[in-house]
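Structure data follow from final.tsv (TSV, C-alpha atoms):
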chain	number	residue	atom	x	y	z
H	299	MET	CA	43.40	32.39	8.59
H	300	ARG	CA	40.36	30.24	7.79
H	301	ARG	CA	38.18	33.34	7.98
H	302	TRP	CA	40.10	34.93	5.12
H	303	ILE	CA	39.91	31.75	3.08
H	304	LYS	CA	36.18	31.51	3.71
H	305	ARG	CA	35.66	35.07	2.46
H	306	LEU	CA	37.39	34.15	-0.76
H	307	VAL	CA	35.35	30.99	-1.01
H	308	LEU	CA	32.08	32.88	-0.63
H	309	GLY	CA	33.13	35.10	-3.51
H	310	GLY	CA	32.40	32.40	-6.05
H	311	LEU	CA	33.81	29.03	-5.10
H	312	VAL	CA	30.49	27.33	-4.51
H	313	ALA	CA	29.47	27.78	-8.13
H	314	ALA	CA	32.84	26.53	-9.31
H	315	LEU	CA	32.61	23.42	-7.19
H	316	VAL	CA	29.19	22.52	-8.50
H	317	LEU	CA	30.63	22.56	-11.99
H	318	ALA	CA	33.34	20.14	-10.91
H	319	ALA	CA	31.33	16.96	-11.44
H	320	GLY	CA	29.06	17.67	-8.50
H	321	ALA	CA	31.93	17.90	-6.01
H	322	GLY	CA	30.52	21.04	-4.44
H	323	LEU	CA	27.23	19.37	-3.62
H	324	TYR	CA	29.04	16.54	-1.93
H	325	LEU	CA	31.23	18.91	0.07
H	326	TYR	CA	28.22	20.50	1.66
H	327	SER	CA	26.57	17.13	2.31
H	328	LEU	CA	29.20	16.30	4.93
H	329	ASP	CA	28.05	16.18	8.52
H	330	LEU	CA	30.58	18.66	9.87
H	331	GLY	CA	28.45	19.35	12.90
H	332	SER	CA	29.72	16.09	14.37
H	333	GLN	CA	33.00	17.86	15.12
H	334	PRO	CA	32.20	21.00	17.14
H	335	PRO	CA	34.76	23.79	17.59
H	336	ALA	CA	36.81	24.07	20.77
H	337	ASP	CA	34.93	25.20	23.87
H	338	PRO	CA	35.47	28.96	24.46
H	339	ARG	CA	35.35	28.20	28.20
H	340	SER	CA	38.51	26.04	27.96
H	341	ARG	CA	41.07	26.69	30.67
H	342	VAL	CA	44.65	25.75	31.41
H	343	ALA	CA	43.40	22.78	33.44
H	344	ASP	CA	41.98	21.36	30.19
H	345	LEU	CA	45.45	21.13	28.62
H	346	ALA	CA	46.44	17.56	29.45
H	347	PHE	CA	50.07	18.03	28.40
H	348	LEU	CA	50.48	20.69	31.10
H	349	ARG	CA	49.23	18.62	34.03
H	350	ASP	CA	52.63	17.06	34.76
H	351	ALA	CA	54.67	20.06	33.68
H	352	PRO	CA	57.98	20.40	35.56
H	353	PRO	CA	58.65	23.58	37.52
H	354	PRO	CA	60.17	26.39	35.43
H	355	ALA	CA	63.75	25.44	36.31
H	356	ARG	CA	65.28	25.30	32.81
H	357	GLY	CA	65.43	29.04	32.27
H	358	ARG	CA	63.39	31.66	30.47
H	359	ILE	CA	62.17	32.11	26.90
H	360	LEU	CA	61.15	35.46	25.49
H	361	ALA	CA	58.20	35.60	23.10
H	362	VAL	CA	58.22	38.74	20.93
H	363	VAL	CA	55.04	40.10	19.33
H	364	SER	CA	54.36	43.06	17.06
H	365	SER	CA	53.05	46.43	18.24
H	366	ALA	CA	51.88	47.40	14.72
H	367	GLY	CA	48.09	47.37	14.82
H	368	MET	CA	47.51	48.54	11.25
H	369	PHE	CA	49.10	48.41	7.83
H	370	PRO	CA	50.92	51.75	7.56
H	371	GLY	CA	48.72	54.55	6.24
H	372	THR	CA	45.61	52.35	6.03
H	373	GLU	CA	42.77	51.03	8.15
H	374	LYS	CA	43.69	47.42	7.41
H	375	ARG	CA	44.38	45.52	10.61
H	376	ALA	CA	47.77	43.94	11.27
H	377	GLY	CA	48.91	42.92	14.79
H	378	PHE	CA	50.07	39.51	15.99
H	379	GLU	CA	48.25	36.15	15.83
H	380	LEU	CA	46.97	34.74	19.12
H	381	THR	CA	47.31	31.11	18.01
H	382	GLU	CA	51.00	31.60	17.24
H	383	LEU	CA	51.61	32.93	20.74
H	384	ALA	CA	49.32	30.74	22.86
H	385	ARG	CA	50.40	27.33	21.53
H	386	ALA	CA	54.11	28.08	21.85
H	387	TYR	CA	53.60	29.74	25.25
H	388	TYR	CA	52.10	26.61	26.79
H	389	THR	CA	54.57	24.30	25.03
H	390	PHE	CA	57.47	26.17	26.62
H	391	ILE	CA	55.81	26.08	30.04
H	392	ALA	CA	55.11	22.34	29.68
H	393	ASN	CA	58.83	21.84	29.14
H	394	GLY	CA	60.04	23.69	32.21
H	395	TYR	CA	60.53	27.24	30.95
H	396	GLU	CA	59.26	30.54	32.26
H	397	VAL	CA	57.88	32.69	29.42
H	398	ASP	CA	58.04	36.48	29.17
H	399	ILE	CA	56.37	38.53	26.45
H	400	ALA	CA	57.88	41.60	24.81
H	401	SER	CA	56.92	43.99	22.02
H	402	PRO	CA	58.52	47.03	20.37
H	403	LEU	CA	56.34	49.51	22.28
H	404	GLY	CA	55.59	47.48	25.40
H	405	GLY	CA	52.19	47.35	27.05
H	406	LEU	CA	49.13	45.72	25.46
H	407	PRO	CA	49.94	44.75	21.84
H	408	PRO	CA	47.29	44.44	19.09
H	409	MET	CA	46.08	40.84	18.98
H	410	ARG	CA	44.32	39.12	16.09
H	411	VAL	CA	41.82	36.46	17.11
H	412	ASP	CA	40.31	34.29	14.39
H	413	ASP	CA	37.36	32.49	15.95
H	414	GLU	CA	37.45	29.70	13.36
H	415	ASP	CA	41.10	28.83	14.06
H	416	MET	CA	40.75	28.66	17.82
H	417	GLY	CA	41.76	25.51	19.67
H	418	VAL	CA	41.67	24.57	23.34
H	419	ALA	CA	45.08	26.15	24.03
H	420	ASP	CA	44.02	29.42	22.42
H	421	HIS	CA	40.82	29.72	24.45
H	422	ALA	CA	42.77	28.69	27.55
H	423	PHE	CA	45.15	31.60	26.98
H	424	LEU	CA	42.27	34.05	26.77
H	425	ASN	CA	40.91	32.64	30.04
H	426	ASP	CA	44.31	32.57	31.76
H	427	ALA	CA	44.56	35.61	34.05
H	428	GLN	CA	48.32	35.29	34.45
H	429	ALA	CA	48.97	34.96	30.71
H	430	ARG	CA	46.68	37.89	29.90
H	431	ALA	CA	48.41	40.02	32.54
H	432	ARG	CA	51.81	39.26	31.02
H	433	LEU	CA	50.52	40.16	27.58
H	434	ALA	CA	48.91	43.39	28.77
H	435	ALA	CA	52.21	44.42	30.36
H	436	SER	CA	54.51	43.21	27.58
H	437	LEU	CA	58.10	44.35	28.09
H	438	PRO	CA	59.35	47.14	25.81
H	439	LEU	CA	62.08	45.55	23.73
H	440	GLU	CA	64.56	48.29	24.55
H	441	GLN	CA	64.32	47.34	28.23
H	442	VAL	CA	64.79	43.59	27.78
H	443	ASP	CA	67.83	42.07	29.49
H	444	ALA	CA	69.09	39.58	26.90
H	445	THR	CA	71.22	37.75	29.46
H	446	ARG	CA	68.08	36.32	31.10
H	447	TYR	CA	66.96	34.21	28.13
H	448	ALA	CA	67.85	30.79	26.77
H	449	ALA	CA	65.79	31.39	23.63
H	450	VAL	CA	63.81	34.03	21.76
H	451	TYR	CA	60.65	33.23	19.81
H	452	PHE	CA	59.21	35.66	17.27
H	453	VAL	CA	55.44	35.41	16.87
H	454	GLY	CA	53.90	35.98	13.45
H	455	GLY	CA	51.03	38.11	12.25
H	456	LYS	CA	51.07	40.80	9.55
H	457	GLY	CA	52.31	43.42	12.03
H	458	ALA	CA	55.65	41.61	12.26
H	459	MET	CA	56.41	42.78	8.73
H	460	PHE	CA	56.32	46.43	9.79
H	461	ASP	CA	57.91	46.93	13.19
H	462	LEU	CA	60.22	43.93	13.71
H	463	PRO	CA	62.66	44.19	10.74
H	464	GLY	CA	65.54	46.53	11.44
H	465	ASN	CA	64.66	46.92	15.13
H	466	ALA	CA	67.94	47.67	16.93
H	467	ALA	CA	66.75	46.10	20.20
H	468	ILE	CA	65.90	42.87	18.37
H	469	ALA	CA	69.32	42.81	16.70
H	470	ARG	CA	71.00	43.23	20.10
H	471	LEU	CA	68.81	40.56	21.68
H	472	VAL	CA	69.34	37.99	18.93
H	473	ARG	CA	73.09	38.60	18.78
H	474	HIS	CA	73.47	37.99	22.49
H	475	VAL	CA	71.21	34.93	22.75
H	476	HIS	CA	72.64	33.31	19.63
H	477	GLY	CA	76.19	34.14	20.66
H	478	ALA	CA	75.62	32.63	24.11
H	479	GLY	CA	74.52	29.31	22.61
H	480	GLY	CA	70.79	29.99	22.82
H	481	VAL	CA	68.03	29.23	20.33
H	482	ILE	CA	66.26	31.61	17.95
H	483	GLY	CA	62.79	30.64	16.74
H	484	ALA	CA	60.16	32.30	14.56
H	485	VAL	CA	56.92	31.34	12.86
H	486	CYS	CA	54.86	32.58	9.89
H	487	HIS	CA	55.71	36.31	9.47
H	488	GLY	CA	57.92	36.18	12.58
H	489	PRO	CA	61.15	35.52	10.61
H	490	ALA	CA	60.85	39.12	9.38
H	491	ALA	CA	62.46	40.06	12.70
H	492	LEU	CA	65.69	38.41	11.54
H	493	LEU	CA	66.08	40.14	8.19
H	494	GLU	CA	68.58	42.78	9.31
H	495	VAL	CA	70.29	40.91	12.16
H	496	THR	CA	74.05	40.51	12.00
H	497	LEU	CA	76.24	38.45	14.31
H	498	ASP	CA	79.14	39.80	16.37
H	499	ASP	CA	81.55	39.34	13.48
H	500	GLY	CA	79.28	41.29	11.12
H	501	THR	CA	77.98	38.20	9.28
H	502	PRO	CA	74.24	38.35	8.48
H	503	LEU	CA	72.46	35.79	10.63
H	504	LEU	CA	70.45	34.48	7.68
H	505	ARG	CA	73.25	34.14	5.13
H	506	GLY	CA	73.41	30.54	3.93
H	507	ARG	CA	70.91	29.34	6.56
H	508	ARG	CA	67.98	27.05	5.78
H	509	VAL	CA	64.83	28.90	6.81
H	510	THR	CA	61.15	29.16	6.04
H	511	GLY	CA	58.31	31.59	6.66
H	512	PHE	CA	54.96	32.61	5.19
H	513	SER	CA	55.45	31.82	1.51
H	514	ASN	CA	54.68	33.99	-1.49
H	515	ALA	CA	52.04	31.48	-2.58
H	516	GLU	CA	50.28	31.64	0.78
H	517	GLU	CA	50.48	35.44	0.95
H	518	LEU	CA	49.17	36.00	-2.56
H	519	PHE	CA	46.37	33.48	-2.18
H	520	LEU	CA	44.93	35.40	0.76
H	521	MET	CA	45.84	38.89	-0.41
H	522	LYS	CA	45.97	39.43	-4.15
H	523	ASP	CA	47.51	42.90	-3.73
H	524	ALA	CA	50.13	41.75	-1.21
H	525	ARG	CA	53.00	43.01	-3.37
H	526	GLN	CA	51.51	46.50	-3.18
H	527	ARG	CA	50.78	46.34	0.56
H	528	PHE	CA	54.22	45.10	1.64
H	529	ASP	CA	57.55	46.57	0.60
H	530	THR	CA	58.70	43.01	-0.12
H	531	LEU	CA	57.04	39.64	0.46
H	532	LEU	CA	58.69	37.70	3.26
H	533	GLN	CA	59.92	34.79	1.13
H	534	ASP	CA	61.58	37.21	-1.28
H	535	ALA	CA	63.10	39.26	1.54
H	536	LEU	CA	64.59	36.16	3.19
H	537	ALA	CA	66.12	35.04	-0.11
H	538	GLN	CA	67.53	38.53	-0.71
H	539	ARG	CA	69.39	38.25	2.62
H	540	GLY	CA	71.08	35.07	1.45
H	541	ALA	CA	68.80	32.58	3.22
H	542	ARG	CA	67.99	29.23	1.61
H	543	PHE	CA	64.20	29.30	1.68
H	544	VAL	CA	62.54	25.91	2.20
H	545	GLU	CA	58.95	25.98	0.95
H	546	GLY	CA	56.42	23.40	2.12
H	547	GLY	CA	52.86	22.74	1.08
H	548	LEU	CA	50.23	25.48	1.05
H	549	TYR	CA	49.07	26.02	4.67
H	550	LEU	CA	50.67	22.77	5.87
H	551	ASP	CA	53.07	22.35	8.77
H	552	ASN	CA	56.64	23.01	7.67
H	553	THR	CA	59.29	23.57	10.31
H	554	VAL	CA	62.95	23.97	9.36
H	555	VAL	CA	65.79	23.50	11.83
H	556	ASP	CA	69.23	24.85	11.00
H	557	GLY	CA	71.33	24.34	14.11
H	558	ARG	CA	69.97	26.73	16.74
H	559	LEU	CA	67.76	28.56	14.26
H	560	VAL	CA	64.18	27.22	14.04
H	561	THR	CA	61.58	28.64	11.65
H	562	GLY	CA	58.03	27.65	10.72
H	563	GLN	CA	56.13	28.46	7.54
H	564	ASN	CA	52.65	29.32	8.80
H	565	PRO	CA	50.31	29.18	11.82
H	566	TRP	CA	49.96	25.41	11.46
H	567	SER	CA	53.69	25.12	12.18
H	568	THR	CA	53.45	26.69	15.65
H	569	TRP	CA	53.36	23.49	17.70
H	570	SER	CA	56.25	21.92	15.80
H	571	VAL	CA	58.36	25.10	15.95
H	572	ALA	CA	57.98	25.32	19.73
H	573	GLU	CA	58.81	21.64	20.22
H	574	ALA	CA	61.77	21.88	17.83
H	575	MET	CA	63.06	24.79	19.91
H	576	VAL	CA	62.84	22.64	23.03
H	577	ARG	CA	64.89	19.94	21.25
H	578	ALA	CA	67.43	22.53	20.13
H	579	LEU	CA	67.73	23.56	23.78
H	580	GLY	CA	68.75	19.97	24.55
H	581	HIS	CA	65.52	18.44	25.87
H	582	VAL	CA	62.99	15.87	24.72
H	583	PRO	CA	59.63	17.67	24.45
H	584	ALA	CA	56.97	16.67	26.95
H	585	PRO	CA	54.45	14.16	25.53
H	586	ARG	CA	51.46	15.87	23.95
H	587	GLU	CA	48.51	14.40	22.07
H	588	ALA	CA	48.23	15.93	18.61
H	589	THR	CA	45.24	18.19	18.11
H	590	GLY	CA	42.57	17.42	15.51
H	591	GLU	CA	43.99	20.26	13.43
H	592	GLU	CA	47.47	18.75	13.53
H	593	GLN	CA	46.08	15.35	12.57
H	594	ALA	CA	44.29	16.88	9.58
H	595	VAL	CA	47.51	18.59	8.47
H	596	ARG	CA	49.31	15.22	8.64
H	597	VAL	CA	46.63	13.65	6.47
H	598	MET	CA	47.05	16.41	3.90
H	599	GLU	CA	50.82	16.13	4.00
H	600	GLY	CA	50.40	12.41	3.36
H	601	TYR	CA	48.26	13.29	0.36
H	602	ARG	CA	50.79	15.82	-0.92
H	603	ARG	CA	53.63	13.33	-0.72
H	604	GLY	CA	51.94	10.06	-1.65
H	605	GLY	CA	48.53	10.76	-3.15
H	606	ILE	CA	45.14	9.46	-2.06
H	607	THR	CA	46.33	5.95	-1.16
H	608	ALA	CA	48.95	7.22	1.28
H	609	ALA	CA	46.54	9.80	2.68
H	610	ARG	CA	43.89	7.16	3.37
H	611	GLU	CA	46.40	5.13	5.36
H	612	VAL	CA	47.27	8.20	7.43
H	613	ARG	CA	43.58	9.05	7.83
H	614	ARG	CA	42.80	5.60	9.22
H	615	SER	CA	45.49	6.04	11.84
H	616	LEU	CA	44.23	9.51	12.79
H	617	PRO	CA	40.46	9.26	13.32
H	618	GLY	CA	40.42	12.57	15.19
H	619	ALA	CA	41.54	14.63	12.18
H	620	ASP	CA	39.65	17.92	11.96
H	621	LYS	CA	37.06	17.48	9.21
H	622	ARG	CA	36.52	21.21	8.87
H	623	LEU	CA	40.17	21.86	8.05
H	624	LEU	CA	40.24	19.04	5.50
H	625	LEU	CA	37.15	20.48	3.87
H	626	MET	CA	38.58	23.99	3.84
H	627	HIS	CA	41.64	22.69	1.99
H	628	ALA	CA	39.31	21.00	-0.48
H	629	LEU	CA	37.74	24.39	-1.11
H	630	VAL	CA	41.16	25.99	-1.53
H	631	ALA	CA	42.07	23.32	-4.09
H	632	ALA	CA	38.84	23.97	-5.97
H	633	MET	CA	39.49	27.70	-6.02
H	634	GLN	CA	42.82	26.94	-7.67
H	635	GLN	CA	40.99	24.67	-10.14
H	636	ARG	CA	42.75	21.58	-8.80
H	637	TRP	CA	39.55	19.60	-9.13
H	638	ARG	CA	41.07	16.17	-8.52
H	639	ASP	CA	42.66	17.36	-5.29
H	640	ALA	CA	39.41	19.00	-4.21
H	641	TRP	CA	37.51	15.77	-4.74
H	642	HIS	CA	40.04	13.62	-2.89
H	643	LEU	CA	40.37	16.01	0.04
H	644	GLN	CA	36.64	16.22	0.64
H	645	ARG	CA	36.47	12.41	0.53
H	646	LEU	CA	39.20	12.34	3.18
H	647	ALA	CA	37.13	14.75	5.27
H	648	HIS	CA	34.21	12.36	5.02
H	649	GLY	CA	36.47	9.65	6.44

Structure encoded using structure tokens:
Amino acid sequence: MRRWIKRLVLGGLVAALVLAAGAGLYLYSLDLGSQPPADPRSRVADLAFLRDAPPPARGRILAVVSSAGMFPGTEKRAGFELTELARAYYTFIANGYEVDIASPLGGLPPMRVDDEDMGVADHAFLNDAQARARLAASLPLEQVDATRYAAVYFVGGKGAMFDLPGNAAIARLVRHVHGAGGVIGAVCHGPAALLEVTLDDGTPLLRGRRVTGFSNAEELFLMKDARQRFDTLLQDALAQRGARFVEGGLYLDNTVVDGRLVTGQNPWSTWSVAEAMVRALGHVPAPREATGEEQAVRVMEGYRRGGITAAREVRRSLPGADKRLLLMHALVAAMQQRWRDAWHLQRLAHG
């Protein structure tokens, strides 16, 4: 995600920032090297919240990823997002669940890895032989036994827009799990899987439900021709199915819980979606220290709701907030010509 934003930034943002009362010069004066990226050698043993994980005695959760590697008829890559799988995968394990992975075609699905978004959990997944084996042998959805699962979690990524909506195996799976009192979760583009699902009585699953997903604003910021590349943008499609779309801040954590339906707006909602699913399953999530990325998102949410004064209070309580993410949001604000926000956000990055 940050990689796409950076490409847009390099297309002309630096010049724009310099014009904004010297804000651009200050942005690049920050010592961001003091906060290095996550170690690519990170392993499961480095995930503190997993060290006291209970045995997988609470049941099984199925994570569903896309098999669509490309936008139809183009060479533009689609697939599923690693971060949206890895973080939920380990959250479920930390809370006593076994996790299986499925995809429409089965086998090794097309994975998107954004080096600049990678955290410890994401690198740990890539270095986890058992997790990689499960991914490489993902279950074909048509062969999934729905009776085995307490919950289903739909992973995002652009590919989800192409091969998850209208999938008969998904409709069968969701109907059974939901009807049996289980939990349905989805993040980012993952809610696309639910667009055509109806319950046993024929009622559309989404009708009248509070949900979220990758918003029109987020989609169009990253992809100006998104309306031409997708049949319908996800936010519009959800609303057309009768859902009550709940839109949060641009690229900020926004998780919406409507009974046993849990949805998250974007990749930064992954941790909170997974933990909300655990709560919906009747358990208190295992303690977990917030990542620097999560802390930065909380600072920015404080700014969105209460301005610079509120954000500074949050920032003081979260000294580990990821400076790079705060700065990237400052650049996004500048690109949208929200100069005041750009200035305040880069000051928050500075501490």

Two-atom distance - CA of Pro370 in chain H, CA of Leu462 in chain H (Å): 13.6 Å

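Across H:Arg613, H:Arg432, H:Arg473, H:His421, the tightest approach to Pro407 in chain H is made by H:Arg432 when counting only C-alpha atoms.
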
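Of note, CA of Ala619 in chain H and CA of Gly600 in chain H are spaced 12.7 Å apart.
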
Contact check, range 359-459 of chain H to range 559-569 of chain H, at most 7 Å, counting only C-alpha atoms, closest pairs as a tab-separated table:
residue	atom	partner	partner_atom	distance
H:Glu382	CA	H:Thr568	CA	5.7
H:Arg385	CA	H:Trp569	CA	6.2
H:Ala386	CA	H:Trp569	CA	6.2

Using all atoms listed in the file, determine which residues lie at most 10 Å from Val555 in chain H, disregarding the query and same-chain residues fewer than 3 positions distant; provide the list as JSON, numbers by chain. {"H": [483, 507, 508, 509, 510, 558, 559, 560, 561, 562, 571, 574, 575, 578]}

Of the candidates H:Gly357, H:Pro617, H:Gly371, H:Pro438, which one gets nearest to Gly480 in chain H if we count only C-alpha atoms? H:Gly357

Just checking: using all atoms listed in the file, which residue out of H:Met521, H:Leu406, H:Val397, H:Val453 ends up closest to Leu380 in chain H? H:Val453

Just the residues within 8 Å of Val472 in chain H, please, counting all atoms listed in the file, with nothing from its chain fewer than 5 positions along; format it as a PyMOL selection string. chain H and resi 450+482+495

Show me as a ChimeraX atom specification the residues that reach within 7 Å of (57.9, 21.3, 22.1), counting all atoms listed in the file and using the file's own coordinates. /H:389-390,569-570,572-576,583-584
